[in-house]
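final34.txt follows (compact mmCIF, C-alpha atoms):
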```txt
# COMPACT_ATOMS: atom_id res chain seq x y z
CA MET V 1 -9.66 41.87 -46.80
CA ILE V 2 -10.55 39.82 -43.70
CA LEU V 3 -7.04 38.35 -43.57
CA THR V 4 -5.53 41.84 -43.81
CA PHE V 5 -7.70 43.00 -40.90
CA LEU V 6 -6.82 39.95 -38.81
CA SER V 7 -3.11 40.47 -39.26
CA GLY V 8 -3.58 43.73 -37.34
CA CYS V 9 -4.94 41.77 -34.36
CA VAL V 10 -1.83 39.61 -34.01
CA ALA V 11 -0.34 39.78 -30.53
CA VAL V 12 3.21 41.02 -30.15
CA LYS V 13 5.61 38.38 -28.80
CA TYR V 14 6.97 39.02 -25.30
CA ASP V 15 10.19 41.05 -25.32
CA PRO V 16 12.03 40.73 -21.97
CA SER V 17 13.87 44.00 -22.61
CA LYS V 18 10.61 46.00 -22.56
CA PRO V 19 8.52 46.54 -19.41
CA LEU V 20 4.86 45.58 -19.36
CA ASP V 21 2.24 48.31 -19.15
CA ALA V 22 0.73 48.60 -15.66
CA GLU V 23 -2.57 47.06 -16.82
CA GLN V 24 -0.97 44.12 -18.66
CA GLY V 25 -0.06 40.57 -17.76
CA LEU V 26 1.57 37.85 -19.82
CA VAL V 27 -0.59 35.07 -21.27
CA LEU V 28 1.06 31.63 -21.39
CA ALA V 29 -0.39 28.79 -23.48
CA ARG V 30 0.43 25.95 -25.81
CA ILE V 31 -1.88 25.14 -28.70
CA THR V 32 -1.53 21.95 -30.71
CA LYS V 33 -3.24 21.93 -34.11
CA THR V 34 -3.97 18.73 -36.02
CA GLY V 35 -6.06 17.96 -39.05
CA TYR V 36 -6.80 19.68 -42.30
CA ALA V 37 -5.60 23.29 -42.12
CA SER V 38 -2.06 24.53 -42.55
CA THR V 39 -2.58 27.69 -40.47
CA ALA V 40 -5.19 28.88 -38.01
CA GLN V 41 -5.88 31.79 -35.68
CA PHE V 42 -7.72 31.88 -32.38
CA LEU V 43 -9.25 35.29 -31.74
CA THR V 44 -10.09 36.47 -28.23
CA LYS V 45 -12.09 39.30 -26.80
CA ASN V 46 -11.94 41.03 -23.45
CA LYS V 47 -15.34 41.02 -21.72
CA ASN V 48 -14.43 44.22 -19.86
CA LYS V 49 -13.35 46.36 -22.84
CA ILE V 50 -14.40 47.14 -26.37
CA LEU V 51 -11.86 46.59 -29.16
CA ASP V 52 -9.43 44.65 -26.96
CA ASN V 53 -8.87 41.58 -29.09
CA TYR V 54 -5.84 39.32 -29.41
CA SER V 55 -4.91 36.58 -31.84
CA PHE V 56 -3.05 33.32 -31.29
CA VAL V 57 -1.61 32.63 -34.77
CA MET V 58 -0.71 29.00 -35.43
CA ARG V 59 1.60 28.03 -38.25
CA LEU V 60 3.10 24.92 -36.69
CA GLU V 61 1.50 21.80 -35.27
CA GLU V 62 2.55 22.78 -31.75
CA ASN V 63 2.65 26.47 -30.86
CA PHE V 64 4.03 28.09 -27.69
CA PHE V 65 2.62 31.49 -26.73
CA LEU V 66 3.88 34.07 -24.25
CA PHE V 67 2.80 37.64 -24.95
CA PRO V 68 1.39 40.72 -23.21
CA MET V 69 -2.38 40.90 -22.84
CA SER V 70 -4.56 43.41 -21.03
CA ALA V 71 -5.85 42.46 -17.60
CA GLY V 72 -9.43 41.26 -17.39
CA THR V 73 -11.72 38.39 -18.27
CA HIS V 74 -11.10 37.12 -21.80
CA LEU V 75 -12.70 34.41 -23.90
CA PHE V 76 -11.85 32.68 -27.13
CA ASP V 77 -14.26 34.20 -29.63
CA GLU V 78 -13.59 32.28 -32.84
CA ALA V 79 -11.08 30.26 -34.81
CA ILE V 80 -10.30 31.20 -38.38
CA TYR V 81 -8.63 28.89 -40.86
CA MET V 82 -8.62 28.01 -44.54
CA GLN V 83 -9.88 24.62 -45.62
CA GLY V 84 -9.50 24.25 -49.34
CA SER V 85 -10.60 27.58 -50.75
CA ALA V 86 -13.13 28.31 -47.99
CA LEU V 87 -12.50 30.51 -44.97
CA VAL V 88 -13.95 28.68 -41.95
CA LYS V 89 -14.91 30.56 -38.77
CA PRO V 90 -16.40 28.25 -36.12
CA ASP V 91 -17.81 29.79 -32.95
CA LEU V 92 -15.79 28.99 -29.82
CA GLU V 93 -18.31 29.78 -27.06
CA CYS V 94 -17.94 26.21 -25.80
CA ILE V 95 -14.31 26.74 -24.73
CA GLY V 96 -14.98 29.25 -21.96
CA GLU V 97 -13.22 32.14 -20.26
CA PHE V 98 -9.86 32.90 -18.68
CA GLU V 99 -8.57 35.65 -16.41
CA ILE V 100 -5.46 37.77 -17.04
CA LYS V 101 -3.95 39.38 -13.93
CA ALA V 102 -1.69 42.41 -14.40
CA GLY V 103 2.02 41.94 -13.71
CA MET V 104 1.83 38.12 -13.72
CA ILE V 105 2.36 35.20 -16.10
CA ASN V 106 -1.13 33.79 -16.62
CA TYR V 107 -1.19 30.16 -17.73
CA ILE V 108 -4.48 29.47 -19.54
CA GLY V 109 -3.90 25.82 -20.48
CA ASP V 110 -2.79 23.61 -23.31
CA LEU V 111 -5.40 23.59 -26.06
CA TYR V 112 -5.71 20.74 -28.55
CA PHE V 113 -7.49 21.77 -31.75
CA ASP V 114 -8.39 19.20 -34.41
CA ILE V 115 -9.87 20.14 -37.77
CA SER V 116 -11.86 17.38 -39.47
CA PRO V 117 -11.74 16.87 -43.22
CA ALA V 118 -14.43 18.48 -45.37
CA ASN V 119 -17.34 16.30 -46.34
CA ASN V 120 -17.86 15.37 -49.99
CA TYR V 121 -20.43 17.99 -51.02
CA ILE V 122 -19.29 19.88 -54.10
CA ILE V 123 -20.94 23.28 -53.56
CA PHE V 124 -21.48 23.43 -49.80
CA SER V 125 -19.12 21.60 -47.50
CA THR V 126 -19.10 21.36 -43.75
CA HIS V 127 -16.14 21.06 -41.45
CA GLY V 128 -16.15 19.62 -37.97
CA SER V 129 -13.64 20.55 -35.32
CA SER V 130 -12.91 19.60 -31.75
CA TYR V 131 -11.24 21.43 -28.87
CA LYS V 132 -9.84 20.03 -25.67
CA VAL V 133 -8.06 21.93 -22.90
CA GLU V 134 -5.64 20.26 -20.50
CA ASP V 135 -3.79 21.57 -17.48
CA ASN V 136 -0.09 20.88 -18.14
CA PHE V 137 1.07 23.81 -16.04
CA GLU V 138 4.41 22.42 -14.83
CA ASP V 139 5.54 21.33 -18.33
CA THR V 140 4.53 24.61 -19.96
CA LYS V 141 6.11 26.62 -17.13
CA LYS V 142 9.41 24.76 -17.68
CA ILE V 143 9.34 25.63 -21.38
CA ALA V 144 8.79 29.31 -20.53
CA GLU V 145 11.67 29.25 -18.05
CA LEU V 146 13.97 27.62 -20.62
CA ARG V 147 13.09 30.07 -23.38
CA TYR V 148 13.13 33.15 -21.15
CA GLN V 149 15.82 32.76 -18.51
CA ASN V 150 15.05 34.38 -15.14
CA ILE V 151 11.42 35.02 -16.11
CA GLY V 152 10.34 33.36 -12.87
CA ASP V 153 12.39 35.96 -10.98
CA LYS V 154 10.62 38.83 -12.76
CA PHE V 155 7.04 37.55 -12.67
CA GLN V 156 4.93 35.24 -10.55
CA PHE V 157 3.06 32.45 -12.35
CA THR V 158 -0.69 31.99 -11.89
CA LYS V 159 -3.25 29.66 -13.47
CA SER V 160 -6.58 30.50 -15.05
CA VAL V 161 -7.15 27.44 -17.21
CA VAL V 162 -9.85 27.92 -19.82
CA GLY V 163 -12.98 25.92 -19.14
CA PRO V 164 -14.97 23.85 -19.84
CA SER V 165 -12.26 21.48 -20.92
CA THR V 166 -13.70 19.96 -24.09
CA CYS V 167 -16.23 20.54 -26.84
CA GLN V 168 -17.14 19.30 -30.30
CA LYS V 169 -18.40 21.54 -33.10
CA ASP V 170 -20.03 20.09 -36.22
CA ASP V 171 -20.10 23.01 -38.65
```

If you convert what's in this file into structure tokens, what do you get?
Amino acid sequence: MILTFLSGCVAVKYDPSKPLDAEQGLVLARITKTGYASTAQFLTKNKNKILDNYSFVMRLEENFFLFPMSAGTHLFDEAIYMQGSALVKPDLECIGEFEIKAGMINYIGDLYFDISPANNYIIFSTHGSSYKVEDNFEDTKKIAELRYQNIGDKFQFTKSVVGPSTCQKDD
């Protein structure tokens, strides 16, 4: 049931043929996932609105994201992934906030997410994870410009890199 609900939160990929709503900007990020989960989702929330959540769904080791998001101050709320048969939902308060400006491409950073193996307890197991954010703006901007020709002519790029830049969670 949780996975069905979460699939409704998935952000719609940017479509250059459709205009953005007046109160939307584009979020730009790369997320690299390593470790012991085949898929994962990062859920966000908008501090200025209720029920304004987005999801970065990761199925590959390196994931490129460019999609419309409402303007305002957002934060990564939680990560959700399967490890074995258990659904793991670590809190992401340590990652920090980012700002989305309407009508712009908002680069929020390159996030590196590593999922540690489960410990050896049979009934209850714990899972550590680590998060690190780097500012690779020029490289990520080039990828966006290659994938979406003339996007730099349509929108101005801005940076609001998520901070702090690193944290370790031992769940």

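Minimum distance to V:Gly152 across V:Gly109, V:Gly96, V:Gly72, V:Gly103 (counting only C-alpha atoms) occurs at V:Gly103.
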
Problem - Nearest candidate to V:Ile108 (options V:Pro68, V:Gly163, V:Gly35, V:Pro16; using all atoms listed in the file) - result: V:Gly163

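The gap separating atom CA of V:Met69 from atom CA of V:Lys13 is 10.3 Å, in Å to one decimal.
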
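Distance-wise, atom CA of V:Glu134 and atom CA of V:Leu28 end up 13.2 Å apart.
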
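Of the listed residues V:Lys45, V:Ala37, V:Phe67, V:Asp110, the one whose atoms come nearest to V:Asp139 is V:Asp110, with distances taken using all atoms listed in the file.
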
Fill in the blank from the handout: One residue among V:Ser55, V:Gln156, V:Ile31, V:Asp114 is nearest to V:Ala102 when using only C-alpha atoms, and that residue is V:Gln156

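Of the residues under consideration (V:Asn106, V:Gln149, V:Gln41, V:Asn46), V:Gln41 shows the shortest atom-to-atom contact distance to V:Arg59 when counting all atoms listed in the file.
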
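Using all atoms listed in the file, the nearest neighbour of V:Ala79 within the list V:Phe98, V:Phe113, V:Tyr54, V:Phe42 is V:Phe42.
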
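Counting only C-alpha atoms, V:Met58 has the following residues at most 6 Å away, ignoring those fewer than 2 positions along the same chain: Thr39, Ala40, Gln41 and Leu60 of chain V.
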
Exercise for the section: Record the distance separating atom CA of V:Tyr112 and atom CA of V:Ile151, expressed in Å with one decimal. Expected result: 25.5 Å

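Using all atoms listed in the file, every residue with an atom at most 9 Å from the point (-2.3, 45.2, -25.9) is listed here: Ala11, Val12, Asp21, Gln24, Asp52, Asn53, Tyr54, Pro68, Met69 and Ser70 of chain V.
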